[in-house]
>>> print(open('entry-v3.cif').read())   # mmCIF, C-alpha atoms
data_protein
loop_
_atom_site.label_atom_id
_atom_site.label_comp_id
_atom_site.auth_asym_id
_atom_site.auth_seq_id
_atom_site.Cartn_x
_atom_site.Cartn_y
_atom_site.Cartn_z
CA ALA A 12 -10.15 -4.44 -7.78
CA THR A 13 -6.37 -4.40 -7.59
CA ASN A 14 -3.77 -3.39 -10.13
CA THR A 15 -1.40 -5.88 -11.69
CA ASP A 16 1.75 -3.85 -11.05
CA TYR A 17 3.66 -4.56 -7.87
CA LYS A 18 7.11 -3.03 -7.75
CA TYR A 19 9.34 -2.12 -4.85
CA PHE A 20 8.90 1.47 -3.67
CA TYR A 21 9.71 3.63 -0.71
CA TRP A 22 6.71 4.47 1.44
CA GLY A 23 6.94 8.19 0.93
CA PRO A 24 8.18 11.27 2.72
CA ASN A 25 10.80 10.02 5.17
CA ASN A 26 11.20 11.76 8.52
CA ILE A 27 8.02 13.73 7.92
CA ASP A 28 4.96 13.18 10.04
CA ILE A 29 1.97 13.54 7.73
CA ALA A 30 -0.48 15.46 9.88
CA ALA A 31 -3.55 14.32 7.91
CA ILE A 32 -2.77 10.65 8.69
CA THR A 33 -3.32 9.47 12.24
CA ASN A 34 -0.19 7.77 13.56
CA ILE A 35 -1.15 4.27 14.66
CA THR A 36 0.95 2.86 17.46
CA ASP A 37 0.22 -0.87 17.33
CA ARG A 38 -0.48 -3.68 14.86
CA GLU A 39 -3.97 -4.53 16.10
CA THR A 40 -5.14 -0.95 15.75
CA ALA A 41 -3.55 -0.80 12.29
CA LYS A 42 -5.87 -3.65 11.24
CA THR A 43 -8.81 -1.30 11.86
CA ASP A 44 -7.56 1.47 9.54
CA PHE A 45 -9.67 1.57 6.39
CA ASN A 46 -8.74 5.13 5.34
CA GLY A 47 -6.71 4.23 2.25
CA LYS A 48 -8.18 6.91 -0.01
CA SER A 49 -7.62 9.78 2.41
CA ASN A 50 -4.22 8.41 3.49
CA THR A 51 -3.13 8.23 -0.16
CA ALA A 52 -4.33 11.79 -0.81
CA ALA A 53 -2.33 12.98 2.22
CA ILE A 54 0.81 11.13 1.10
CA ILE A 55 0.53 12.63 -2.38
CA ALA A 56 -0.09 16.13 -1.00
CA THR A 57 2.99 16.05 1.25
CA PRO A 58 6.15 17.22 -0.50
CA ASP A 59 8.92 14.64 -0.29
CA THR A 60 12.22 16.45 0.17
CA ASP A 61 14.31 13.35 0.91
CA SER A 62 16.56 12.76 -2.10
CA LYS A 63 16.53 9.00 -1.42
CA THR A 64 12.74 8.60 -1.47
CA GLN A 65 11.30 11.45 -3.52
CA VAL A 66 11.57 9.85 -6.96
CA ALA A 67 10.57 6.29 -6.13
CA ASN A 68 7.94 6.78 -3.45
CA MET A 69 4.62 5.02 -3.76
CA GLY A 70 2.60 8.27 -3.75
CA THR A 71 4.46 9.58 -6.78
CA TYR A 72 3.96 6.27 -8.56
CA CYS A 73 0.26 6.20 -7.65
CA ILE A 74 -0.17 9.52 -9.48
CA LYS A 75 1.64 8.13 -12.53
CA PHE A 76 -0.31 4.88 -12.39
CA ASN A 77 -3.61 6.77 -12.36
CA GLU A 78 -2.47 8.84 -15.35
CA MET A 79 -1.50 5.70 -17.30
CA SER A 80 -4.39 3.42 -16.36
CA GLY A 81 -6.84 4.68 -18.96
CA THR A 82 -10.43 4.03 -17.98
CA TYR A 83 -10.00 4.34 -14.22
CA ALA A 84 -8.08 7.05 -12.39
CA ASP A 85 -9.21 6.32 -8.84
CA TRP A 86 -6.54 3.87 -7.68
CA TYR A 87 -5.16 4.33 -4.17
CA ILE A 88 -2.86 2.65 -1.63
CA PRO A 89 -4.86 0.51 0.78
CA ALA A 90 -4.67 1.24 4.49
CA ALA A 91 -3.41 -1.55 6.77
CA GLY A 92 -6.95 -2.74 7.60
CA GLN A 93 -7.92 -2.89 3.93
CA LEU A 94 -4.71 -4.69 3.01
CA TYR A 95 -5.18 -7.16 5.86
CA GLU A 96 -8.73 -7.89 4.58
CA ILE A 97 -7.24 -8.51 1.13
CA TYR A 98 -4.76 -10.91 2.74
CA THR A 99 -7.58 -12.66 4.63
CA ASN A 100 -9.62 -13.08 1.43
CA ARG A 101 -6.70 -13.52 -0.98
CA THR A 102 -7.83 -16.97 -2.19
CA TYR A 103 -11.06 -15.49 -3.55
CA ILE A 104 -9.37 -12.31 -4.76
CA ASP A 105 -6.62 -14.26 -6.54
CA GLU A 106 -9.27 -16.47 -8.18
CA ALA A 107 -11.08 -13.36 -9.44
CA LEU A 108 -7.79 -11.84 -10.64
CA THR A 109 -6.96 -15.06 -12.49
CA ASN A 110 -10.38 -15.01 -14.16
CA ILE A 111 -9.82 -11.51 -15.53
CA GLY A 112 -6.17 -12.04 -16.49
CA GLY A 113 -4.71 -10.17 -13.52
CA THR A 114 -1.67 -10.96 -11.40
CA ASN A 115 -2.21 -12.74 -8.09
CA PHE A 116 -0.81 -11.53 -4.80
CA SER A 117 2.50 -13.16 -4.00
CA THR A 118 2.48 -15.14 -0.76
CA SER A 119 6.21 -14.57 -0.39
CA ASN A 120 6.00 -10.78 -0.23
CA SER A 121 5.06 -7.92 2.00
CA TYR A 122 3.06 -4.95 0.72
CA TRP A 123 3.13 -1.37 1.98
CA SER A 124 -0.08 0.05 3.38
CA SER A 125 -0.87 3.77 3.49
CA SER A 126 -1.07 3.63 7.30
CA GLU A 127 1.59 5.63 9.11
CA ASN A 128 3.19 4.48 12.35
CA SER A 129 5.51 7.42 13.07
CA THR A 130 7.63 10.09 11.43
CA SER A 131 10.00 7.44 10.09
CA THR A 132 7.93 4.23 9.97
CA ALA A 133 4.77 2.91 8.31
CA PHE A 134 2.81 -0.34 8.25
CA TYR A 135 3.02 -3.26 5.83
CA VAL A 136 1.22 -6.61 5.59
CA ASN A 137 3.24 -9.77 5.01
CA PHE A 138 1.30 -12.11 2.71
CA ASN A 139 3.33 -15.13 3.85
CA SER A 140 2.91 -14.85 7.61
CA SER A 141 -0.16 -12.55 7.89
CA GLN A 142 1.97 -10.23 10.02
CA VAL A 143 1.03 -6.58 10.14
CA GLY A 144 4.24 -4.82 11.05
CA SER A 145 5.99 -1.50 10.74
CA ASN A 146 9.13 -0.73 8.86
CA ILE A 147 11.27 2.30 8.06
CA LYS A 148 9.78 4.35 5.23
CA PHE A 149 12.89 4.25 3.06
CA ASP A 150 12.96 0.47 2.72
CA GLY A 151 11.78 -0.81 -0.63
CA ILE A 152 8.63 -2.92 -0.28
CA ARG A 153 6.09 -3.96 -2.90
CA VAL A 154 2.96 -1.90 -3.48
CA ARG A 155 -0.44 -2.90 -4.86
CA PHE A 156 -2.90 -0.15 -5.67
CA VAL A 157 -6.61 -0.80 -5.25
CA ARG A 158 -9.84 0.81 -6.32
CA ASP A 159 -13.34 0.36 -5.05
CA LEU A 160 -15.66 -1.81 -7.10
CA GLN A 161 -18.59 0.14 -8.47
#
>>> encode(input="entry-v3.cif", output="structure tokens")
Amino acid sequence: ATNTDYKYFYWGPNNIDIAAITNITDRETAKTDFNGKSNTAAIIATPDTDSKTQVANMGTYCIKFNEMSGTYADWYIPAAGQLYEIYTNRTYIDEALTNIGGTNFSTSNSYWSSSENSTSTAFYVNFNSSQVGSNIKFDGIRVRFVRDLQ
């Protein structure tokens, strides 16, 4: 399942290499990362000391989203491989979201993944072009939290 909120956020701690997340060096390898839960936990556990990103980073918002979501508190930021699978199956996912009153993924936007590329960059998935790319962590990109279906 995916949440219906998709705002622009910074990736997280800028210029900090999160040791618990394996740095992925290329796009194809990023498509094999399905560690969204553990990546999200590592992002949340890493103090963000950058004044530009600390308030509006996606890890901070994930904590707040889980606190506000009511019934479920197990939302996380999908890894690049998970997000790419969502992109690949977005027609079916959007149909399911429509059926339950959710908000579809926008085909004109990119979404941050929880996959780290380097100290200063992380991966996103573009839902218009299918591109998995990396960008600087302090650029604002949309975020969609997910949770596993039970």
>>> resolve_selection(input="entry-v3.cif", expression="the PyMOL selection byres ((chain A and resi 30) around 10)", output="VMD selection string")
chain A and resid 27 to 29 31 to 34 53 to 54 57 130
>>> atom_distance(input="entry-v3.cif", atom1="CA of Thr36 (chain A)", atom2="CA of Thr102 (chain A)")
29.3 Å
>>> closest_residue(input="entry-v3.cif", among="A:Tyr72, A:Ser129, A:Phe138, A:Arg158", to="Asn100 (chain A)", atoms="all atoms listed in the file")
A:Phe138
>>> resolve_selection(input="entry-v3.cif", expression="the PyMOL selection byres ((chain A and resi 93) around 8)", output="PyMOL selection string")
chain A and resi 42+44-45+47+89-92+94-97
>>> resolve_selection(input="entry-v3.cif", expression="the PyMOL selection byres ((chain A and resi 61) around 12)", output="list in words")
Tyr21, Trp22, Gly23, Pro24, Asn25, Asn26, Ile27, Thr57, Pro58, Asp59, Thr60, Ser62, Lys63, Thr64, Gln65, Val66, Ala67, Asn68, Ser131, Lys148 and Phe149 of chain A
>>> residues_around(input="entry-v3.cif", residues="Glu106 (chain A)", least_positions_apart="6", cutoff="12 Å", atoms="only C-alpha atoms", output="ChimeraX atom specification")
/A:100,112-116
